[in-house]
>>> print(open('model_21.cif').read())   # mmCIF, C-alpha atoms; chains and numbers go by the auth columns
data_my_file
loop_
_atom_site.group_PDB
_atom_site.id
_atom_site.type_symbol
_atom_site.label_atom_id
_atom_site.label_comp_id
_atom_site.label_asym_id
_atom_site.label_seq_id
_atom_site.Cartn_x
_atom_site.Cartn_y
_atom_site.Cartn_z
_atom_site.B_iso_or_equiv
_atom_site.auth_seq_id
_atom_site.auth_asym_id
ATOM 1 C CA MET A 1 -64.184 171.303 63.079 0.00 228 A
ATOM 2 C CA THR A 2 -65.562 168.487 65.137 0.00 229 A
ATOM 3 C CA LYS A 3 -69.224 167.828 65.804 0.00 230 A
ATOM 4 C CA VAL A 4 -70.039 167.444 69.447 0.00 231 A
ATOM 5 C CA MET A 5 -73.116 165.747 70.913 0.00 232 A
ATOM 6 C CA THR A 6 -74.198 167.287 74.195 0.00 233 A
ATOM 7 C CA ARG A 7 -77.178 165.276 75.360 0.00 234 A
ATOM 8 C CA THR A 8 -77.227 161.620 76.135 0.00 235 A
ATOM 9 C CA LYS A 9 -79.923 159.289 74.908 0.00 236 A
ATOM 10 C CA ARG A 10 -82.761 158.867 77.320 0.00 237 A
ATOM 11 C CA ASN A 11 -84.853 155.764 77.696 0.00 238 A
ATOM 12 C CA PRO A 12 -88.357 157.220 78.141 0.00 239 A
ATOM 13 C CA GLY A 13 -89.710 154.233 80.093 0.00 240 A
ATOM 14 C CA ALA A 14 -86.833 153.882 82.540 0.00 241 A
ATOM 15 C CA ARG A 15 -86.345 155.465 85.931 0.00 242 A
ATOM 16 C CA PRO A 16 -83.572 158.005 86.423 0.00 243 A
ATOM 17 C CA PRO A 17 -80.305 156.479 87.646 0.00 244 A
ATOM 18 C CA GLY A 18 -80.100 156.141 91.407 0.00 245 A
ATOM 19 C CA ARG A 19 -83.841 156.037 91.919 0.00 246 A
ATOM 20 C CA HIS A 20 -85.228 152.825 93.379 0.00 247 A
ATOM 21 C CA ASP A 21 -88.724 151.601 94.060 0.00 248 A
ATOM 22 C CA THR A 22 -88.944 150.945 97.814 0.00 249 A
ATOM 23 C CA ARG A 23 -92.178 148.977 97.418 0.00 250 A
ATOM 24 C CA ARG A 24 -90.413 146.130 95.659 0.00 251 A
ATOM 25 C CA PRO A 25 -88.765 143.309 97.603 0.00 252 A
ATOM 26 C CA GLY A 26 -85.019 143.679 97.864 0.00 253 A
ATOM 27 C CA GLY A 27 -85.284 147.452 97.783 0.00 254 A
ATOM 28 C CA THR A 28 -82.690 149.693 99.293 0.00 255 A
ATOM 29 C CA THR A 29 -81.850 149.593 102.955 0.00 256 A
ATOM 30 C CA PRO A 30 -83.234 152.378 105.128 0.00 257 A
ATOM 31 C CA ARG A 31 -81.096 155.485 105.325 0.00 258 A
ATOM 32 C CA THR A 32 -79.211 156.343 108.490 0.00 259 A
ATOM 33 C CA THR A 33 -77.656 159.659 109.260 0.00 260 A
ATOM 34 C CA PRO A 34 -73.905 159.370 109.967 0.00 261 A
ATOM 35 C CA GLY A 35 -73.011 160.237 113.547 0.00 262 A
ATOM 36 C CA ARG A 36 -76.518 159.554 114.893 0.00 263 A
ATOM 37 C CA GLU A 37 -76.932 156.278 116.630 0.00 264 A
ATOM 38 C CA THR A 38 -79.808 155.048 118.679 0.00 265 A
ATOM 39 C CA PRO A 39 -79.284 154.981 122.469 0.00 266 A
ATOM 40 C CA GLY A 40 -77.590 151.817 123.621 0.00 267 A
ATOM 41 C CA SER A 41 -75.870 151.101 120.304 0.00 268 A
ATOM 42 C CA SER A 42 -72.435 151.775 118.972 0.00 269 A
ATOM 43 C CA PRO A 43 -71.738 153.263 115.556 0.00 270 A
ATOM 44 C CA ARG A 44 -71.129 149.760 114.221 0.00 271 A
ATOM 45 C CA GLY A 45 -74.527 148.517 115.342 0.00 272 A
ATOM 46 C CA GLU A 46 -73.190 146.717 118.409 0.00 273 A
ATOM 47 C CA SER A 47 -75.095 147.282 121.619 0.00 274 A
ATOM 48 C CA THR A 48 -73.273 148.678 124.593 0.00 275 A
ATOM 49 C CA ALA A 49 -74.162 146.529 127.557 0.00 276 A
ATOM 50 C CA SER A 50 -73.491 149.213 130.095 0.00 277 A
ATOM 51 C CA GLY A 51 -75.622 151.719 128.209 0.00 278 A
ATOM 52 C CA GLY A 52 -72.567 153.957 128.336 0.00 279 A
ATOM 53 C CA ARG A 53 -71.288 156.129 125.615 0.00 280 A
ATOM 54 C CA ALA A 54 -69.850 154.504 122.572 0.00 281 A
ATOM 55 C CA PRO A 55 -66.804 156.087 120.968 0.00 282 A
ATOM 56 C CA ARG A 56 -67.920 158.607 118.386 0.00 283 A
ATOM 57 C CA HIS A 57 -66.686 158.577 114.830 0.00 284 A
ATOM 58 C CA ARG A 58 -65.546 161.835 113.428 0.00 285 A
ATOM 59 C CA THR A 59 -67.369 162.923 110.326 0.00 286 A
ATOM 60 C CA PRO A 60 -65.072 164.120 107.579 0.00 287 A
ATOM 61 C CA ALA A 61 -64.894 167.855 107.109 0.00 288 A
ATOM 62 C CA ARG A 62 -67.301 168.982 104.432 0.00 289 A
ATOM 63 C CA SER A 63 -65.800 170.384 101.307 0.00 290 A
ATOM 64 C CA PRO A 64 -67.124 173.743 100.164 0.00 291 A
ATOM 65 C CA LEU A 65 -70.284 173.405 98.117 0.00 292 A
ATOM 66 C CA ARG A 66 -69.561 173.177 94.435 0.00 293 A
ATOM 67 C CA THR A 67 -71.724 175.052 92.033 0.00 294 A
ATOM 68 C CA PRO A 68 -73.480 172.728 89.616 0.00 295 A
ATOM 69 C CA PRO A 69 -72.134 172.824 86.066 0.00 296 A
ATOM 70 C CA GLN A 70 -73.869 175.395 83.914 0.00 297 A
ATOM 71 C CA PRO A 71 -75.797 174.050 80.920 0.00 298 A
ATOM 72 C CA ARG A 72 -74.322 174.778 77.523 0.00 299 A
ATOM 73 C CA PRO A 73 -75.842 177.629 75.524 0.00 300 A
ATOM 74 C CA THR A 74 -76.786 175.134 72.807 0.00 301 A
ATOM 75 C CA ASP A 75 -78.944 173.179 75.262 0.00 302 A
ATOM 76 C CA LEU A 76 -80.578 176.315 76.634 0.00 303 A
ATOM 77 C CA PHE A 77 -81.396 177.714 73.211 0.00 304 A
ATOM 78 C CA ALA A 78 -82.696 174.373 71.938 0.00 305 A
ATOM 79 C CA ASP A 79 -85.157 174.302 74.845 0.00 306 A
ATOM 80 C CA LEU A 80 -86.152 177.973 74.360 0.00 307 A
ATOM 81 C CA LEU A 81 -86.693 177.578 70.623 0.00 308 A
ATOM 82 C CA LEU A 82 -88.691 174.379 71.131 0.00 309 A
ATOM 83 C CA ALA A 83 -90.949 176.126 73.651 0.00 310 A
ATOM 84 C CA VAL A 84 -91.700 178.905 71.142 0.00 311 A
ATOM 85 C CA LEU A 85 -92.172 176.651 68.120 0.00 312 A
ATOM 86 C CA SER A 86 -94.453 174.281 70.019 0.00 313 A
ATOM 87 C CA GLY A 87 -96.650 177.124 71.297 0.00 314 A
ATOM 88 C CA GLN A 88 -95.652 176.799 74.958 0.00 315 A
ATOM 89 C CA ARG A 89 -94.105 180.291 75.041 0.00 316 A
ATOM 90 C CA PRO A 90 -94.902 183.432 73.056 0.00 317 A
ATOM 91 C CA VAL A 91 -92.527 184.518 70.302 0.00 318 A
ATOM 92 C CA HIS A 92 -91.796 187.852 71.977 0.00 319 A
ATOM 93 C CA SER A 93 -90.131 185.981 74.858 0.00 320 A
ATOM 94 C CA MET A 94 -87.185 185.502 72.480 0.00 321 A
ATOM 95 C CA LEU A 95 -86.678 189.202 71.702 0.00 322 A
ATOM 96 C CA ARG A 96 -83.660 189.606 73.964 0.00 323 A
ATOM 97 C CA HIS A 97 -82.234 186.235 72.888 0.00 324 A
ATOM 98 C CA THR A 98 -82.132 186.928 69.147 0.00 325 A
ATOM 99 C CA ALA A 99 -80.167 189.224 66.864 0.00 326 A
ATOM 100 C CA GLY A 100 -80.520 190.246 63.261 0.00 327 A
ATOM 101 C CA ARG A 101 -83.068 188.401 61.179 0.00 328 A
ATOM 102 C CA ALA A 102 -83.515 185.457 63.581 0.00 329 A
ATOM 103 C CA TYR A 103 -86.529 186.966 65.365 0.00 330 A
ATOM 104 C CA ASP A 104 -88.368 187.425 62.060 0.00 331 A
ATOM 105 C CA GLU A 105 -87.521 183.847 61.055 0.00 332 A
ATOM 106 C CA LEU A 106 -88.729 182.568 64.414 0.00 333 A
ATOM 107 C CA ALA A 107 -91.981 184.540 64.217 0.00 334 A
ATOM 108 C CA TRP A 108 -92.572 183.257 60.669 0.00 335 A
ATOM 109 C CA LEU A 109 -91.998 179.661 61.766 0.00 336 A
ATOM 110 C CA ALA A 110 -94.118 180.001 64.923 0.00 337 A
ATOM 111 C CA GLU A 111 -97.110 181.267 62.877 0.00 338 A
ATOM 112 C CA ARG A 112 -97.171 177.951 61.073 0.00 339 A
ATOM 113 C CA GLY A 113 -97.021 175.968 64.348 0.00 340 A
ATOM 114 C CA PRO A 114 -94.616 173.316 63.059 0.00 341 A
ATOM 115 C CA LEU A 115 -94.102 171.577 66.395 0.00 342 A
ATOM 116 C CA ARG A 116 -97.580 171.880 67.862 0.00 343 A
ATOM 117 C CA THR A 117 -99.023 168.491 68.655 0.00 344 A
ATOM 118 C CA HIS A 118 -102.347 167.260 69.952 0.00 345 A
ATOM 119 C CA GLY A 119 -100.897 164.436 71.977 0.00 346 A
ATOM 120 C CA THR A 120 -97.344 163.912 73.027 0.00 347 A
ATOM 121 C CA ARG A 121 -95.459 167.026 74.049 0.00 348 A
ATOM 122 C CA PRO A 122 -92.313 167.528 71.934 0.00 349 A
ATOM 123 C CA ILE A 123 -88.936 167.209 73.642 0.00 350 A
ATOM 124 C CA VAL A 124 -85.337 167.842 72.676 0.00 351 A
ATOM 125 C CA ARG A 125 -83.822 164.399 72.194 0.00 352 A
ATOM 126 C CA ASP A 126 -80.228 165.517 71.649 0.00 353 A
ATOM 127 C CA VAL A 127 -78.189 168.516 70.583 0.00 354 A
ATOM 128 C CA GLY A 128 -74.999 168.702 68.561 0.00 355 A
ATOM 129 C CA TYR A 129 -72.867 171.627 67.553 0.00 356 A
ATOM 130 C CA GLU A 130 -69.830 172.859 65.666 0.00 357 A
ATOM 131 C CA VAL A 131 -67.669 175.875 66.407 0.00 358 A
ATOM 132 C CA PRO A 132 -66.734 177.424 63.018 0.00 359 A
ATOM 133 C CA ARG A 133 -64.881 180.288 64.723 0.00 360 A
ATOM 134 C CA PRO A 134 -64.522 181.581 68.274 0.00 361 A
ATOM 135 C CA GLY A 135 -67.727 183.319 69.344 0.00 362 A
ATOM 136 C CA ALA A 136 -69.983 181.410 66.945 0.00 363 A
ATOM 137 C CA ILE A 137 -71.767 178.089 67.262 0.00 364 A
ATOM 138 C CA GLU A 138 -73.775 176.258 64.630 0.00 365 A
ATOM 139 C CA ALA A 139 -76.071 173.775 66.346 0.00 366 A
ATOM 140 C CA PHE A 140 -78.720 171.225 65.524 0.00 367 A
ATOM 141 C CA ALA A 141 -81.317 169.528 67.691 0.00 368 A
ATOM 142 C CA ARG A 142 -83.408 166.435 67.210 0.00 369 A
ATOM 143 C CA ILE A 143 -86.971 167.064 68.366 0.00 370 A
ATOM 144 C CA GLY A 144 -89.142 164.088 69.201 0.00 371 A
ATOM 145 C CA ALA A 145 -92.906 163.957 69.715 0.00 372 A
ATOM 146 C CA GLY A 146 -94.166 160.426 70.053 0.00 373 A
ATOM 147 C CA ASP A 147 -92.798 158.481 67.104 0.00 374 A
ATOM 148 C CA GLN A 148 -92.142 161.605 65.002 0.00 375 A
ATOM 149 C CA LEU A 149 -88.651 163.069 64.768 0.00 376 A
ATOM 150 C CA ARG A 150 -87.893 166.578 63.474 0.00 377 A
ATOM 151 C CA ALA A 151 -84.668 168.498 62.926 0.00 378 A
ATOM 152 C CA MET A 152 -83.996 172.056 64.038 0.00 379 A
ATOM 153 C CA ALA A 153 -80.862 174.042 63.178 0.00 380 A
ATOM 154 C CA PHE A 154 -79.783 177.338 64.712 0.00 381 A
ATOM 155 C CA ARG A 155 -76.759 179.598 64.922 0.00 382 A
ATOM 156 C CA LEU A 156 -75.558 181.341 68.064 0.00 383 A
ATOM 157 C CA GLU A 157 -73.152 184.261 68.227 0.00 384 A
ATOM 158 C CA LYS A 158 -71.583 185.850 71.266 0.00 385 A
ATOM 159 C CA GLY A 159 -72.095 189.600 71.433 0.00 386 A
ATOM 160 C CA GLN A 160 -69.806 192.271 72.850 0.00 387 A
ATOM 161 C CA ASP A 161 -71.686 191.942 76.147 0.00 388 A
ATOM 162 C CA LEU A 162 -70.583 188.241 76.209 0.00 389 A
ATOM 163 C CA ARG A 163 -74.183 186.986 75.900 0.00 390 A
ATOM 164 C CA TRP A 164 -75.160 184.362 73.351 0.00 391 A
ATOM 165 C CA ARG A 165 -77.877 185.297 70.863 0.00 392 A
ATOM 166 C CA CYS A 166 -79.573 183.282 68.176 0.00 393 A
ATOM 167 C CA THR A 167 -78.858 184.727 64.725 0.00 394 A
ATOM 168 C CA ALA A 168 -80.566 182.114 62.535 0.00 395 A
ATOM 169 C CA VAL A 169 -83.101 179.326 62.945 0.00 396 A
ATOM 170 C CA GLU A 170 -84.443 176.685 60.549 0.00 397 A
ATOM 171 C CA LEU A 171 -86.773 173.792 61.084 0.00 398 A
ATOM 172 C CA GLY A 172 -86.667 170.742 58.847 0.00 399 A
ATOM 173 C CA GLY A 173 -85.516 172.681 55.794 0.00 400 A
ATOM 174 C CA THR A 174 -88.351 175.223 56.027 0.00 401 A
ATOM 175 C CA ARG A 175 -87.012 178.695 55.307 0.00 402 A
ATOM 176 C CA MET A 176 -88.589 182.100 55.434 0.00 403 A
ATOM 177 C CA PRO A 177 -88.706 183.700 51.967 0.00 404 A
ATOM 178 C CA HIS A 178 -86.508 186.762 51.476 0.00 405 A
ATOM 179 C CA ARG A 179 -88.219 190.076 50.784 0.00 406 A
ATOM 180 C CA HIS A 180 -87.031 190.165 47.194 0.00 407 A
ATOM 181 C CA ASP A 181 -88.387 186.573 46.667 0.00 408 A
ATOM 182 C CA ASN A 182 -92.053 187.566 47.197 0.00 409 A
#
>>> encode(input="model_21.cif", output="structure tokens")
Amino acid sequence: MTKVMTRTKRNPGARPPGRHDTRRPGGTTPRTTPGRETPGSSPRGESTASGGRAPRHRTPARSPLRTPPQPRPTDLFADLLLAVLSGQRPVHSMLRHTAGRAYDELAWLAERGPLRTHGTRPIVRDVGYEVPRPGAIEAFARIGAGDQLRAMAFRLEKGQDLRWRCTAVELGGTRMPHRHDN
């Protein structure tokens, strides 16, 4: 079994890659649409003295649109569980995404509000997982809120309908007592 990390580290103060501030000197050059030139200019920026037509460049044939890659179930469930445990979503929104005792564990954890904060909103910093057998994933997520870091562990199992459901959830070692433990 190999642990896999699925999210990359984010630098909270940095801009996303490919995004530039146009107000700064030396910013990006203005965009031009391929195949559209201003009258009296050629595609290479040369002016045509006669004002005639410049030879047109052929635009390459567009490839069929690719569907964006689907997020992993571990990433989706980490975000869903965080939303419930931080009070952003109600617990019952996870009814169709849980199986077995996981809903009771989630409701028990949500009552205590372990990830509710009065300042910085908690985010999933990264997610890792192991596949102990086909159709089962044991995952962990690092949850950050300001300078605090918490750990969340959960188990996903694929049902006969091929949908992933959460079957167990723990947060920082906190466990719901069993009925016979009361």
>>> closest_residue(input="model_21.cif", among="A:Leu309, A:Trp391, A:Leu342, A:Arg352", to="A:Gly371", atoms="all atoms listed in the file")
A:Arg352
>>> atom_distance(input="model_21.cif", atom1="atom CA of A:Ala380", atom2="atom CA of A:Glu397")
5.2 Å
>>> residues_around(input="model_21.cif", residues="stretch 320-329 of chain A", least_positions_apart="6", cutoff="10 Å", atoms="only C-alpha atoms", output="CSV table (one decimal) with C-alpha atoms, in the frame of the given file")
chain,number,residue,atom,x,y,z
A,304,PHE,CA,-81.4,177.7,73.2
A,307,LEU,CA,-86.2,178.0,74.4
A,308,LEU,CA,-86.7,177.6,70.6
A,310,ALA,CA,-90.9,176.1,73.7
A,311,VAL,CA,-91.7,178.9,71.1
A,335,TRP,CA,-92.6,183.3,60.7
A,381,PHE,CA,-79.8,177.3,64.7
A,382,ARG,CA,-76.8,179.6,64.9
A,383,LEU,CA,-75.6,181.3,68.1
A,384,GLU,CA,-73.2,184.3,68.2
A,386,GLY,CA,-72.1,189.6,71.4
A,390,ARG,CA,-74.2,187.0,75.9
A,391,TRP,CA,-75.2,184.4,73.4
A,392,ARG,CA,-77.9,185.3,70.9
A,393,CYS,CA,-79.6,183.3,68.2
A,394,THR,CA,-78.9,184.7,64.7
A,395,ALA,CA,-80.6,182.1,62.5
A,396,VAL,CA,-83.1,179.3,62.9
A,397,GLU,CA,-84.4,176.7,60.5
>>> resolve_selection(input="model_21.cif", expression="the PyMOL selection byres ((chain A and resi 301) around 9)", output="MDAnalysis selection string")
chainID A and resid 233 298:300 302:306 354:356 364:368 381 383
>>> closest_residue(input="model_21.cif", among="A:His345, A:Lys385, A:Leu398, A:Pro361", to="A:Gly373", atoms="only C-alpha atoms")
A:His345
>>> closest_residue(input="model_21.cif", among="A:Pro404, A:Pro295, A:Pro341, A:Gly362", to="A:Leu376", atoms="all atoms listed in the file")
A:Pro341
>>> atom_distance(input="model_21.cif", atom1="atom CA of A:Pro317", atom2="atom CA of A:Ala334")
9.4 Å
>>> atom_distance(input="model_21.cif", atom1="atom CA of A:Ile370", atom2="atom CA of A:Ile350")
5.6 Å
>>> closest_residue(input="model_21.cif", among="A:Met379, A:Val358, A:Leu312, A:Ala363", to="A:Leu336", atoms="all atoms listed in the file")
A:Leu312
>>> resolve_selection(input="model_21.cif", expression="the PyMOL selection byres ((chain A and resi 348) around 6)", output="number ranges by chain")
A: 347, 349, 372
>>> write_last_selection(input="model_21.cif", atoms="C-alpha atoms", output="compact mmCIF listing (two decimals), keeping the file's coordinate frame")
# COMPACT_ATOMS: atom_id res chain seq x y z
CA THR A 347 -97.34 163.91 73.03
CA PRO A 349 -92.31 167.53 71.93
CA ALA A 372 -92.91 163.96 69.72
>>> closest_residue(input="model_21.cif", among="A:Pro291, A:Pro296, A:Gly399, A:Gly314", to="A:Thr344", atoms="only C-alpha atoms")
A:Gly314
